[in-house]
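Enquirer: Got model_28.cif for you, mmCIF, C-alpha atoms and all ligand atoms:
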data_protein
#
loop_
_atom_site.label_atom_id
_atom_site.label_comp_id
_atom_site.auth_asym_id
_atom_site.auth_seq_id
_atom_site.Cartn_x
_atom_site.Cartn_y
_atom_site.Cartn_z
CA MET L 142 22.17 2.85 -0.77
CA ASN L 143 19.75 1.56 -3.41
CA LYS L 144 16.68 3.36 -4.82
CA SER L 145 14.16 1.73 -2.49
CA ASN L 146 16.17 2.75 0.59
CA TYR L 147 16.11 6.40 -0.47
CA ILE L 148 12.35 6.22 -0.75
CA LEU L 149 12.19 4.55 2.64
CA LEU L 150 14.28 7.37 4.09
CA THR L 151 11.83 9.91 2.60
CA LEU L 152 8.98 7.98 4.17
CA VAL L 153 10.64 8.07 7.61
CA ALA L 154 11.30 11.82 7.19
CA ALA L 155 7.64 12.33 6.27
CA VAL L 156 6.51 10.43 9.38
CA ILE L 157 8.80 12.54 11.61
CA ALA L 158 7.53 15.73 9.95
CA LEU L 159 3.94 14.57 10.43
CA PHE L 160 4.61 13.87 14.11
CA PHE L 161 6.01 17.35 14.74
CA LEU L 162 3.28 18.91 12.67
CA GLY L 163 0.74 17.10 14.84
CA ARG L 164 2.40 18.48 17.97
CA TRP L 165 2.46 21.95 16.49
CA THR L 166 -1.17 21.76 15.42
CA SER L 167 -2.36 20.56 18.83
CA MET L 168 -0.35 23.36 20.48
CA SER L 169 -1.85 25.93 18.16
CA LEU L 170 -5.34 24.52 18.77
CA GLU L 171 -4.77 24.87 22.52
CA LEU L 172 -3.61 28.48 22.05
CA ARG L 173 -6.64 29.17 19.91
CA SER L 174 -9.01 27.75 22.53
CA GLU L 175 -7.34 29.88 25.25
CA GLN L 176 -7.74 32.94 23.07
CA VAL L 177 -11.42 32.20 22.40
CA ALA L 178 -12.14 31.66 26.14
CA ARG L 179 -10.46 34.95 26.98
CA HIS L 180 -12.31 36.90 24.27
CA VAL L 181 -15.71 35.41 25.14
CA HIS L 182 -15.27 36.19 28.83
CA GLU L 183 -14.09 39.74 28.16
CA ALA L 184 -16.97 40.34 25.70
CA TRP L 185 -19.47 39.19 28.35
CA CYS L 186 -17.80 41.46 30.96
CA ARG L 187 -17.98 44.49 28.66
CA ALA L 188 -21.61 43.76 27.72
CA ASP L 189 -22.35 43.46 31.45
CA ASP L 190 -20.66 46.85 32.15
CA VAL L 191 -22.54 48.69 29.37
CA HIS L 192 -25.83 47.07 30.43
CA ALA L 193 -25.20 48.10 34.08
CA ALA L 194 -24.69 51.70 32.96
CA ASP L 195 -27.85 51.70 30.83
CA THR L 196 -30.36 48.95 31.68
CA THR L 197 -32.62 49.88 28.76
CA LEU L 198 -30.09 48.31 26.37
CA ARG L 199 -30.57 44.62 25.60
CA ILE L 200 -27.80 42.38 26.95
CA ASP L 201 -27.98 39.95 24.01
CA SER L 202 -27.41 42.75 21.44
CA LEU L 203 -24.55 44.14 23.52
CA PHE L 204 -22.91 40.71 23.82
CA ARG L 205 -23.31 40.11 20.07
CA GLU L 206 -21.66 43.47 19.33
CA GLU L 207 -18.76 42.68 21.64
CA LEU L 208 -18.26 39.24 20.10
CA LYS L 209 -18.23 40.83 16.66
CA ALA L 210 -15.58 43.28 17.83
CA ALA L 211 -13.50 40.34 19.09
CA ASP L 212 -13.81 38.68 15.67
CA LEU L 213 -16.06 35.92 16.98
CA ARG L 214 -19.03 36.79 14.78
CA ARG L 215 -19.89 33.15 14.03
CA LEU L 216 -20.33 32.27 17.69
CA ARG L 217 -23.98 31.54 18.49
CA PHE L 218 -25.47 31.81 22.00
CA ARG L 219 -28.72 31.73 23.86
CA LEU L 220 -29.59 33.69 27.02
CA ASN L 221 -30.84 31.64 29.96
CA ILE L 222 -32.65 32.84 33.08
CA VAL L 223 -31.28 30.88 36.05
CA GLY L 224 -32.07 30.82 39.75
CA LEU L 225 -29.31 32.06 42.03
CA ASP L 226 -28.01 29.59 44.55
CA SER L 227 -24.73 28.71 46.19
CA ALA L 228 -23.52 26.92 43.04
CA THR L 229 -24.08 29.94 40.76
CA THR L 230 -20.88 31.42 39.33
CA LEU L 231 -20.84 35.19 39.73
CA ARG L 232 -18.46 37.75 38.26
CA SER L 233 -16.99 38.54 41.68
CA THR L 234 -15.59 34.98 41.98
CA LEU L 235 -13.68 35.16 38.65
CA HIS L 236 -10.31 36.88 38.71
CA TYR L 237 -7.86 34.82 36.70
CA TYR L 238 -7.90 32.89 33.45
CA ALA L 239 -7.91 29.64 35.45
CA ASP L 240 -11.17 30.74 37.11
CA TYR L 241 -13.23 31.44 34.02
CA ALA L 242 -11.59 29.26 31.38
CA PRO L 243 -13.27 25.99 32.53
CA LEU L 244 -16.63 27.77 32.63
CA VAL L 245 -16.29 29.15 29.08
CA LYS L 246 -14.90 25.89 27.77
CA ALA L 247 -18.00 24.19 29.22
CA GLY L 248 -20.02 26.61 27.05
CA ARG L 249 -21.23 29.06 29.70
CA THR L 250 -20.64 32.57 31.08
CA TYR L 251 -20.97 33.84 34.63
CA VAL L 252 -24.44 34.81 35.81
CA ILE L 253 -25.48 38.48 35.93
CA PRO L 254 -28.05 38.87 38.74
CA THR L 255 -31.31 40.48 37.56
CA GLY L 256 -33.03 40.68 41.01
CA ASP L 257 -35.81 38.42 42.45
CA GLY L 258 -33.20 35.73 43.20
CA GLN L 259 -32.64 35.22 39.46
CA GLY L 260 -29.86 35.92 36.99
CA ILE L 261 -29.00 35.73 33.34
CA GLU L 262 -26.24 33.73 31.67
CA ALA L 263 -25.21 33.06 28.07
CA ARG L 264 -25.11 29.47 26.75
CA LEU L 265 -22.51 29.21 24.00
CA LEU L 266 -23.89 26.92 21.31
CA ASN L 267 -21.05 26.38 18.83
CA LEU L 268 -17.93 27.12 20.83
CA ARG L 269 -16.06 24.05 19.57
CA ALA L 270 -16.56 24.97 15.91
CA GLU L 271 -15.37 28.50 16.64
CA THR L 272 -12.31 27.18 18.48
CA LEU L 273 -11.30 24.76 15.75
CA GLY L 274 -12.54 26.98 12.93
CA SER L 275 -10.03 27.63 10.22
CA GLN L 276 -7.41 25.60 12.13
CA LEU L 277 -9.35 22.49 11.23
CA TYR L 278 -9.11 23.31 7.54
CA TYR L 279 -5.34 23.74 7.88
CA LEU L 280 -5.12 20.45 9.73
CA LEU L 281 -7.24 18.64 7.14
CA GLY L 282 -5.28 20.26 4.33
CA THR L 283 -2.02 19.11 5.90
CA LEU L 284 -3.35 15.61 6.41
CA VAL L 285 -4.53 15.42 2.78
CA GLY L 286 -1.12 16.76 1.69
CA PHE L 287 0.70 14.12 3.68
CA GLY L 288 -1.72 11.46 2.46
CA LEU L 289 -0.87 12.41 -1.12
CA LEU L 290 2.83 12.41 -0.26
CA GLY L 291 2.47 8.92 1.22
CA LEU L 292 0.57 7.74 -1.85
CA GLY L 293 3.22 9.26 -4.12
CA ILE L 294 6.00 7.53 -2.22
CA PHE L 295 4.13 4.24 -2.15
CA THR L 296 3.52 4.42 -5.93
CA GLN L 297 7.17 5.25 -6.52
CA VAL L 298 8.30 2.33 -4.41
CA SER L 299 6.08 -0.06 -6.33
CA ILE L 300 7.21 1.38 -9.69
CA ILE L 301 10.85 0.98 -8.68
CA HIS L 302 10.15 -2.51 -7.45
CA ARG L 303 8.52 -3.39 -10.78
CA GLN L 304 11.39 -1.79 -12.72
CA ASP L 305 13.94 -3.78 -10.73
CA LYS L 306 11.98 -6.95 -11.37
CA LEU L 307 11.73 -6.17 -15.08
CA ALA L 308 15.44 -5.38 -15.29
CA GLN L 309 16.22 -8.72 -13.63
CA MET L 310 13.82 -10.47 -16.02
CA ARG L 311 15.42 -8.79 -19.03
CA GLU L 312 18.80 -9.96 -17.82
CA ASP L 313 17.54 -13.52 -17.39
CA PHE L 314 15.79 -13.29 -20.75
CA SER L 315 18.89 -12.11 -22.59
CA TYR L 316 20.88 -14.90 -21.02
CA ALA L 317 18.23 -17.54 -21.81
CA MET L 318 17.76 -16.24 -25.34
CA ILE L 319 21.45 -16.26 -26.15
CA HIS L 320 21.71 -19.69 -24.58
CA ASP L 321 18.77 -20.94 -26.64
CA MET L 322 20.13 -19.42 -29.84
CA LYS L 323 23.46 -21.02 -29.29
CA SER L 324 22.37 -24.59 -29.89
CA PRO L 325 20.62 -24.05 -33.27
CA LEU L 326 23.54 -21.88 -34.38
CA THR L 327 26.00 -24.59 -33.39
CA THR L 328 23.92 -27.20 -35.23
CA LEU L 329 23.81 -24.95 -38.30
CA LEU L 330 27.56 -24.44 -38.23
CA ILE L 331 28.42 -28.12 -37.77
CA GLY L 332 25.88 -29.12 -40.42
CA LEU L 333 27.22 -26.61 -42.92
CA ARG L 334 30.80 -27.72 -42.30
CA THR L 335 29.84 -31.36 -42.82
CA LEU L 336 28.04 -30.55 -46.07
CA ARG L 337 30.91 -28.43 -47.31
CA SER L 338 33.49 -31.09 -46.56
CA GLY L 339 31.89 -33.26 -49.24
CA ARG L 340 31.72 -36.26 -46.90
CA LEU L 341 28.02 -36.72 -47.66
CA ASP L 342 28.23 -36.26 -51.40
CA ASP L 343 27.84 -39.98 -52.03
CA LYS L 344 25.09 -40.36 -49.37
CA PRO L 345 22.12 -38.37 -50.75
CA GLU L 346 19.69 -39.58 -48.04
CA LYS L 347 21.91 -38.42 -45.21
CA LYS L 348 22.54 -35.18 -47.04
CA GLU L 349 18.81 -34.60 -47.36
CA LYS L 350 18.33 -35.31 -43.66
CA HIS L 351 21.03 -32.74 -42.87
CA PHE L 352 19.31 -30.12 -45.00
CA GLU L 353 16.04 -30.85 -43.23
CA VAL L 354 17.60 -30.38 -39.78
CA LEU L 355 19.37 -27.20 -40.88
CA GLU L 356 16.13 -25.79 -42.26
CA GLN L 357 14.32 -26.64 -39.04
CA GLU L 358 16.96 -24.98 -36.86
CA ALA L 359 17.05 -21.87 -39.05
CA GLY L 360 13.24 -21.78 -38.88
CA HIS L 361 13.44 -21.99 -35.09
CA LEU L 362 15.79 -19.00 -34.98
CA LEU L 363 13.60 -17.05 -37.36
CA THR L 364 10.49 -17.72 -35.26
CA LEU L 365 12.29 -16.51 -32.19
CA THR L 366 13.50 -13.30 -33.77
CA ASN L 367 10.09 -12.67 -35.35
CA ARG L 368 8.39 -13.05 -32.00
CA VAL L 369 10.72 -10.56 -30.31
CA LEU L 370 10.33 -8.20 -33.26
CA THR L 371 6.52 -8.38 -33.22
CA LEU L 372 6.46 -7.70 -29.48
CA SER L 373 8.63 -4.61 -29.85
CA LYS L 374 6.46 -3.45 -32.76
CA LEU L 375 3.39 -3.95 -30.59
CA GLU L 376 4.96 -1.99 -27.75
CA ALA L 377 5.90 0.83 -30.08
CA GLY L 378 2.38 0.75 -31.60
CA ARG L 379 3.78 0.02 -35.05
CA LEU L 380 2.11 -3.31 -35.79
CA ILE L 381 0.02 -3.15 -38.94
CA LEU L 382 -2.49 -5.94 -39.42
CA ASP L 383 -3.41 -7.27 -42.82
CA LEU L 384 -6.97 -8.32 -42.01
CA ASP L 385 -8.93 -10.71 -44.19
CA GLU L 386 -11.25 -13.71 -43.92
CA VAL L 387 -8.96 -16.61 -43.00
CA GLU L 388 -9.97 -20.21 -43.74
CA LEU L 389 -9.43 -22.08 -40.49
CA PRO L 390 -9.42 -25.77 -41.63
CA PRO L 391 -6.34 -25.53 -43.92
CA LEU L 392 -4.51 -23.34 -41.40
CA VAL L 393 -5.12 -25.72 -38.50
CA GLU L 394 -4.32 -28.70 -40.75
CA GLU L 395 -0.93 -27.18 -41.66
CA LEU L 396 -0.12 -26.49 -38.00
CA THR L 397 -1.13 -29.91 -36.71
CA HIS L 398 0.87 -31.55 -39.49
CA THR L 399 3.99 -29.52 -38.60
CA PHE L 400 3.71 -30.35 -34.91
CA GLU L 401 2.93 -34.02 -35.55
CA THR L 402 6.13 -34.42 -37.53
CA LYS L 403 8.40 -32.65 -35.07
CA ALA L 404 6.81 -33.82 -31.78
CA ALA L 405 9.19 -35.74 -29.56
CA LYS L 406 6.36 -37.60 -27.78
CA PRO L 407 3.13 -39.24 -28.92
CA VAL L 408 0.60 -36.57 -29.84
CA THR L 409 -2.99 -36.91 -31.03
CA PHE L 410 -4.76 -33.97 -32.63
CA ARG L 411 -8.53 -33.58 -32.77
CA THR L 412 -10.26 -30.76 -34.59
CA ASP L 413 -13.81 -29.51 -34.34
CA LEU L 414 -14.02 -26.37 -36.44
CA GLN L 415 -17.64 -25.24 -36.39
CA ALA L 416 -16.61 -21.73 -37.42
CA GLU L 417 -14.66 -22.18 -40.62
CA THR L 418 -13.52 -18.62 -41.19
CA VAL L 419 -12.23 -15.85 -38.99
CA TYR L 420 -11.46 -12.21 -39.74
CA ALA L 421 -7.77 -11.85 -38.88
CA ASP L 422 -4.22 -11.33 -40.04
CA LYS L 423 -3.34 -14.82 -41.23
CA GLU L 424 0.35 -14.74 -40.35
CA TYR L 425 -0.11 -13.39 -36.83
CA LEU L 426 -3.03 -15.72 -36.15
CA LYS L 427 -0.98 -18.67 -37.34
CA GLU L 428 1.89 -17.67 -35.06
CA ALA L 429 -0.47 -17.23 -32.10
CA LEU L 430 -2.08 -20.64 -32.62
CA SER L 431 1.32 -22.16 -33.16
CA ASN L 432 2.37 -20.79 -29.76
CA LEU L 433 -0.66 -22.31 -28.06
CA ILE L 434 -0.14 -25.71 -29.70
CA ASP L 435 3.58 -25.58 -28.95
CA ASN L 436 2.78 -24.94 -25.28
CA ALA L 437 0.21 -27.75 -25.25
CA LEU L 438 2.99 -30.12 -26.34
CA LYS L 439 5.70 -28.62 -24.14
CA TYR L 440 3.68 -28.66 -20.94
CA SER L 441 2.33 -32.18 -21.22
CA LYS L 442 3.06 -35.49 -19.55
CA PRO L 443 5.97 -37.56 -20.94
CA GLU L 444 3.64 -40.42 -22.00
CA GLY L 445 1.91 -38.24 -24.60
CA VAL L 446 -0.72 -35.62 -25.17
CA GLU L 447 -4.07 -35.13 -26.79
CA VAL L 448 -4.69 -31.68 -28.27
CA THR L 449 -8.08 -30.43 -29.45
CA VAL L 450 -8.42 -27.40 -31.67
CA ALA L 451 -12.03 -26.22 -31.90
CA SER L 452 -13.83 -23.14 -33.13
CA CYS L 453 -17.31 -21.70 -32.87
CA ARG L 454 -19.18 -18.47 -33.50
CA GLU L 455 -20.90 -16.80 -30.53
CA ASN L 456 -22.04 -13.27 -29.59
CA GLY L 457 -20.28 -11.53 -32.46
CA TYR L 458 -16.97 -13.34 -31.87
CA VAL L 459 -15.21 -16.34 -33.33
CA HIS L 460 -13.74 -18.39 -30.49
CA ILE L 461 -10.80 -20.68 -31.22
CA ARG L 462 -9.96 -23.14 -28.45
CA VAL L 463 -6.75 -25.08 -27.96
CA ARG L 464 -7.19 -27.70 -25.26
CA ASP L 465 -4.70 -30.25 -23.96
CA ASN L 466 -4.69 -32.92 -21.29
CA GLY L 467 -1.28 -31.84 -19.99
CA ILE L 468 0.11 -30.77 -16.65
CA GLY L 469 -2.29 -27.83 -16.23
CA ILE L 470 -1.67 -24.43 -14.64
CA PRO L 471 -2.16 -23.56 -10.95
CA LEU L 472 -5.00 -21.09 -10.39
CA SER L 473 -2.65 -18.50 -8.85
CA ALA L 474 -0.54 -18.49 -12.04
CA GLN L 475 -3.43 -18.27 -14.49
CA ARG L 476 -3.55 -14.49 -14.20
CA THR L 477 0.19 -13.89 -14.45
CA ILE L 478 1.24 -16.16 -17.32
CA PHE L 479 0.15 -13.59 -19.92
CA GLY L 480 2.68 -11.11 -18.56
CA LYS L 481 5.96 -10.55 -20.35
CA PHE L 482 8.68 -13.01 -19.27
CA GLU L 483 6.26 -14.76 -16.89
CA ARG L 484 6.80 -18.49 -16.60
CA VAL L 485 5.65 -21.25 -14.28
CA LEU L 486 8.23 -23.93 -14.08
CA PRO L 487 7.19 -27.45 -13.07
CA LYS L 488 7.91 -28.08 -9.38
CA ASP L 489 9.30 -31.57 -10.02
CA LYS L 490 12.57 -30.30 -11.40
CA GLY L 491 14.06 -33.48 -9.95
CA GLU L 492 12.73 -35.38 -12.94
CA GLY L 493 15.01 -33.26 -15.06
CA GLN L 494 12.14 -31.65 -16.96
CA LYS L 495 13.65 -28.39 -18.03
CA VAL L 496 11.26 -26.83 -20.50
CA SER L 497 12.85 -24.24 -22.72
CA GLY L 498 11.16 -20.88 -23.23
CA PHE L 499 11.26 -17.20 -22.40
CA GLY L 500 7.79 -16.47 -21.08
CA LEU L 501 7.03 -14.53 -24.26
CA GLY L 502 4.63 -16.89 -26.06
CA LEU L 503 1.41 -16.09 -24.21
CA ASN L 504 2.29 -12.40 -24.01
CA TYR L 505 2.64 -12.48 -27.78
CA VAL L 506 -0.72 -14.25 -28.18
CA MET L 507 -2.47 -11.78 -25.87
CA ASN L 508 -1.00 -8.71 -27.55
CA VAL L 509 -1.68 -9.89 -31.08
CA VAL L 510 -5.27 -10.84 -30.18
CA ARG L 511 -5.84 -7.50 -28.45
CA GLU L 512 -4.54 -5.73 -31.53
CA HIS L 513 -7.34 -7.52 -33.42
CA GLY L 514 -9.85 -6.14 -30.90
CA GLY L 515 -10.27 -9.56 -29.29
CA TYR L 516 -9.33 -11.23 -26.02
CA VAL L 517 -7.74 -14.41 -24.68
CA GLY L 518 -8.99 -16.65 -21.89
CA VAL L 519 -7.60 -19.60 -19.99
CA GLU L 520 -9.22 -22.40 -18.06
CA SER L 521 -7.19 -25.11 -16.42
CA VAL L 522 -7.13 -27.76 -13.72
CA PRO L 523 -3.61 -28.73 -12.62
CA GLY L 524 -2.79 -32.30 -13.56
CA ARG L 525 -5.81 -32.56 -15.89
CA TYR L 526 -6.09 -30.02 -18.67
CA SER L 527 -5.49 -26.49 -19.97
CA GLU L 528 -7.70 -24.70 -22.44
CA PHE L 529 -6.77 -21.41 -24.07
CA THR L 530 -9.41 -19.51 -26.03
CA ILE L 531 -8.69 -16.83 -28.58
CA SER L 532 -11.79 -14.73 -29.25
CA LEU L 533 -11.72 -12.49 -32.30
CA PRO L 534 -14.52 -10.13 -33.32
CA GLU L 535 -16.49 -11.04 -36.43
CA ARG L 536 -16.14 -8.77 -39.42
CA LYS L 537 -18.50 -5.80 -39.19
CA GLU L 538 -20.93 -5.13 -42.03
CA GLU L 539 -19.50 -1.72 -42.87
CA GLU L 540 -16.03 -3.33 -43.17
CA GLU L 541 -17.48 -5.89 -45.56
CA ARG L 542 -18.85 -3.15 -47.83
CA VAL L 543 -15.50 -1.37 -48.09
P1 LIG L 601 7.17 -20.14 -22.23
O1 LIG L 601 6.47 -21.30 -22.81
O2 LIG L 601 8.28 -19.64 -23.05
O3 LIG L 601 7.54 -20.34 -20.79
P2 LIG L 601 4.62 -18.76 -22.46
O4 LIG L 601 4.32 -17.32 -22.33
O5 LIG L 601 4.23 -19.45 -23.70
O6 LIG L 601 6.17 -18.89 -22.17
O7 LIG L 601 3.92 -19.49 -21.24
C1 LIG L 601 4.04 -18.98 -19.94
C2 LIG L 601 3.86 -20.06 -18.91
O8 LIG L 601 2.52 -20.55 -18.94
C3 LIG L 601 4.72 -21.29 -19.17
O9 LIG L 601 5.99 -21.16 -18.55
C4 LIG L 601 3.89 -22.42 -18.58
O10 LIG L 601 4.20 -22.56 -17.21
C5 LIG L 601 2.47 -21.92 -18.66
N1 LIG L 601 1.73 -22.60 -19.75
C6 LIG L 601 1.47 -22.07 -20.98
N2 LIG L 601 0.74 -22.94 -21.72
C7 LIG L 601 0.52 -24.02 -20.95
C8 LIG L 601 -0.17 -25.26 -21.14
N3 LIG L 601 -0.80 -25.56 -22.30
N4 LIG L 601 -0.17 -26.15 -20.11
C9 LIG L 601 0.44 -25.85 -18.94
N5 LIG L 601 1.12 -24.71 -18.71
C10 LIG L 601 1.16 -23.80 -19.68
#
Now that the file is in, can you turn its structure into structure tokens?
Expert:
Amino acid sequence: MNKSNYILLTLVAAVIALFFLGRWTSMSLELRSEQVARHVHEAWCRADDVHAADTTLRIDSLFREELKAADLRRLRFRLNIVGLDSATTLRSTLHYYADYAPLVKAGRTYVIPTGDGQGIEARLLNLRAETLGSQLYYLLGTLVGFGLLGLGIFTQVSIIHRQDKLAQMREDFSYAMIHDMKSPLTTLLIGLRTLRSGRLDDKPEKKEKHFEVLEQEAGHLLTLTNRVLTLSKLEAGRLILDLDEVELPPLVEELTHTFETKAAKPVTFRTDLQAETVYADKEYLKEALSNLIDNALKYSKPEGVEVTVASCRENGYVHIRVRDNGIGIPLSAQRTIFGKFERVLPKDKGEGQKVSGFGLGLNYVMNVVREHGGYVGVESVPGRYSEFTISLPERKEEEERV
């Protein structure tokens, strides 16, 4: 049996327990109401007897005393003068519990004749409260207890569900990562062997090309490991930022140049950097922007892509936007893509578009930006464009003075 089934079993047990508890509570409430009816009737009888023996005593005080003695001190009543007729309930007609219980439960006592065709009865004003009394608190307490139990179980089920999902994702991630590392490693190995064999010694151009490819592949591996490392540092709260004013134009220029040279499809870059500096850790910012540009290229149409990198200063933040005219992101996925290992794969797999990745890029961007005290936003229309915005707080004056 797996973890979720155990929880389900607990839930079923809790429901059964609740059912029996309900039965028990209703039985005990019934017993309580019988007891109250009996006590009220007996108190009225005793008050009647004492009053008959000494008519100078007040019947209401006597009844109150008797109720107190029966531990029904909270019960409130009012005495009513009623006319005697054939429908009047007198003491002589009440012998058994079944005779007086309905009367008491309706909030009345029998009528004590006072002469002149009249009588006196007590109207019980808060009988229900007295009947339920402390029982109600027990019942409510039990219900709250079971509610909390249910909530606890529900939370546990969702935590386990999330853990299972994460474990599955980690498994997929490890597989994908090893798979993705395999090809650059193979390229490195083959390239090194070729260079070592001396076959390219008399072909300097080819040799140079080989070195270039090897450097690129090694760089790819390094980026990957750095990304995983930064994420674990972030999770462990050990990421230390080296904050400074970063010049945006040269940084963006370097990135666009790198992507232009390695892009496998036509790519046009536009820049509109109205804010020229931003207060950030240069290396992490570069990596975050590189992720966004990389995605803009990866998730674009085969015929090419136009990427705009823009910046502006607004409300104490520097906003850096990376916009593409690629495949876009469905609205339902726009909230989830920042999660670890979250990916949205194109539906038209038939076209053979398998885009490599681990679902770590945006999570990296979000975490790094948050560490700077900023935030990330996304706006997209499927089939038309995606725009990611990194917003970083401007340097505060007191920081500038330090
Ligand atoms: P990866 O690219 O490794 O899948 P990311 O975290 O970088 O992981 O991105 C998560 C998902 O967000 C991607 O799988 C993709 O579906 C979607 N996505 C990210 N950037 C874009 C973009 N510019 N255009 C369309 N989809 C995008």
Enquirer: Around (-0.6, -22.3, -13.4) in the file's own coordinates, what residues are found within 12 Å if you use only C-alpha atoms, given back as a PyMOL selection string?
Expert: chain L and resi 440+467-479+483-488+519-528
Enquirer: Pick out the closest residue to Met322 of chain L from this set: L:Leu384, L:Ala184, L:Ala359, L:Ile253. Count all atoms listed in the file.
Expert: L:Ala359
Enquirer: Would you compute, for all listed atoms of segment 236-251 of chain L, the axis-aligned bounding box grown by 8 Å on each side, and then report its centre and edge lengths in Å rounded to one decimal, as lines of an AutoDock Vina configuration file?
Expert:
center_x = -14.5
center_y = 30.5
center_z = 32.9
size_x = 29.4
size_y = 28.7
size_z = 27.7
Enquirer: Quick one: distance from atom O5 of ligand LIG 601 (chain L) to atom CA of Val369 of chain L in Å, one decimal?
Expert: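 The value is 12.8 Å.
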Enquirer: Pick out the closest residue to Asn267 of chain L from this set: L:Val245, L:Leu503, L:Ile294, L:Val419. Count all atoms listed in the file.
Expert: L:Val245
Enquirer: What does segment 525-530 of chain L look like written to a file with all heavy atoms, as a PDB file, in the first residue's frame?
Expert:
ATOM      1  N   ARG L 525       2.170  34.546 -30.740  1.00  0.00           N
ATOM      2  CA  ARG L 525       2.559  35.915 -31.125  1.00  0.00           C
ATOM      3  C   ARG L 525       3.833  36.404 -30.434  1.00  0.00           C
ATOM      4  O   ARG L 525       4.811  36.734 -31.092  1.00  0.00           O
ATOM      5  CB  ARG L 525       1.412  36.875 -30.863  1.00  0.00           C
ATOM      6  CG  ARG L 525       0.298  36.680 -31.888  1.00  0.00           C
ATOM      7  CD  ARG L 525      -0.843  37.640 -31.683  1.00  0.00           C
ATOM      8  NE  ARG L 525      -0.395  39.011 -31.599  1.00  0.00           N
ATOM      9  CZ  ARG L 525      -1.115  39.988 -31.048  1.00  0.00           C
ATOM     10  NH1 ARG L 525      -2.288  39.708 -30.540  1.00  0.00           N
ATOM     11  NH2 ARG L 525      -0.659  41.211 -31.012  1.00  0.00           N
ATOM     12  N   TYR L 526       3.821  36.424 -29.130  1.00  0.00           N
ATOM     13  CA  TYR L 526       5.027  36.935 -28.456  1.00  0.00           C
ATOM     14  C   TYR L 526       5.093  36.490 -26.998  1.00  0.00           C
ATOM     15  O   TYR L 526       4.099  36.050 -26.410  1.00  0.00           O
ATOM     16  CB  TYR L 526       5.066  38.470 -28.508  1.00  0.00           C
ATOM     17  CG  TYR L 526       4.110  39.144 -27.563  1.00  0.00           C
ATOM     18  CD1 TYR L 526       4.489  39.517 -26.283  1.00  0.00           C
ATOM     19  CD2 TYR L 526       2.784  39.379 -27.946  1.00  0.00           C
ATOM     20  CE1 TYR L 526       3.600  40.118 -25.407  1.00  0.00           C
ATOM     21  CE2 TYR L 526       1.883  39.989 -27.093  1.00  0.00           C
ATOM     22  CZ  TYR L 526       2.297  40.358 -25.815  1.00  0.00           C
ATOM     23  OH  TYR L 526       1.419  40.935 -24.954  1.00  0.00           O
ATOM     24  N   SER L 527       6.304  36.618 -26.421  1.00  0.00           N
ATOM     25  CA  SER L 527       6.498  36.449 -24.972  1.00  0.00           C
ATOM     26  C   SER L 527       7.381  37.592 -24.522  1.00  0.00           C
ATOM     27  O   SER L 527       8.325  37.963 -25.233  1.00  0.00           O
ATOM     28  CB  SER L 527       7.224  35.149 -24.638  1.00  0.00           C
ATOM     29  OG  SER L 527       6.517  34.059 -25.131  1.00  0.00           O
ATOM     30  N   GLU L 528       7.068  38.130 -23.350  1.00  0.00           N
ATOM     31  CA  GLU L 528       7.910  39.206 -22.825  1.00  0.00           C
ATOM     32  C   GLU L 528       8.168  38.948 -21.352  1.00  0.00           C
ATOM     33  O   GLU L 528       7.231  38.847 -20.558  1.00  0.00           O
ATOM     34  CB  GLU L 528       7.211  40.550 -23.015  1.00  0.00           C
ATOM     35  CG  GLU L 528       8.070  41.697 -22.522  1.00  0.00           C
ATOM     36  CD  GLU L 528       7.423  43.053 -22.786  1.00  0.00           C
ATOM     37  OE1 GLU L 528       7.501  43.537 -23.925  1.00  0.00           O
ATOM     38  OE2 GLU L 528       6.836  43.606 -21.840  1.00  0.00           O
ATOM     39  N   PHE L 529       9.424  38.782 -21.006  1.00  0.00           N
ATOM     40  CA  PHE L 529       9.806  38.580 -19.612  1.00  0.00           C
ATOM     41  C   PHE L 529      10.424  39.874 -19.098  1.00  0.00           C
ATOM     42  O   PHE L 529      11.232  40.489 -19.801  1.00  0.00           O
ATOM     43  CB  PHE L 529      10.815  37.439 -19.490  1.00  0.00           C
ATOM     44  CG  PHE L 529      10.185  36.088 -19.689  1.00  0.00           C
ATOM     45  CD1 PHE L 529      10.041  35.549 -20.961  1.00  0.00           C
ATOM     46  CD2 PHE L 529       9.700  35.368 -18.613  1.00  0.00           C
ATOM     47  CE1 PHE L 529       9.434  34.319 -21.146  1.00  0.00           C
ATOM     48  CE2 PHE L 529       9.095  34.137 -18.790  1.00  0.00           C
ATOM     49  CZ  PHE L 529       8.965  33.613 -20.054  1.00  0.00           C
ATOM     50  N   THR L 530      10.041  40.271 -17.893  1.00  0.00           N
ATOM     51  CA  THR L 530      10.592  41.505 -17.327  1.00  0.00           C
ATOM     52  C   THR L 530      11.255  41.220 -15.992  1.00  0.00           C
ATOM     53  O   THR L 530      10.639  40.652 -15.095  1.00  0.00           O
ATOM     54  CB  THR L 530       9.479  42.556 -17.110  1.00  0.00           C
ATOM     55  OG1 THR L 530       8.774  42.700 -18.329  1.00  0.00           O
ATOM     56  CG2 THR L 530      10.064  43.889 -16.697  1.00  0.00           C
TER      57      THR L 530
END
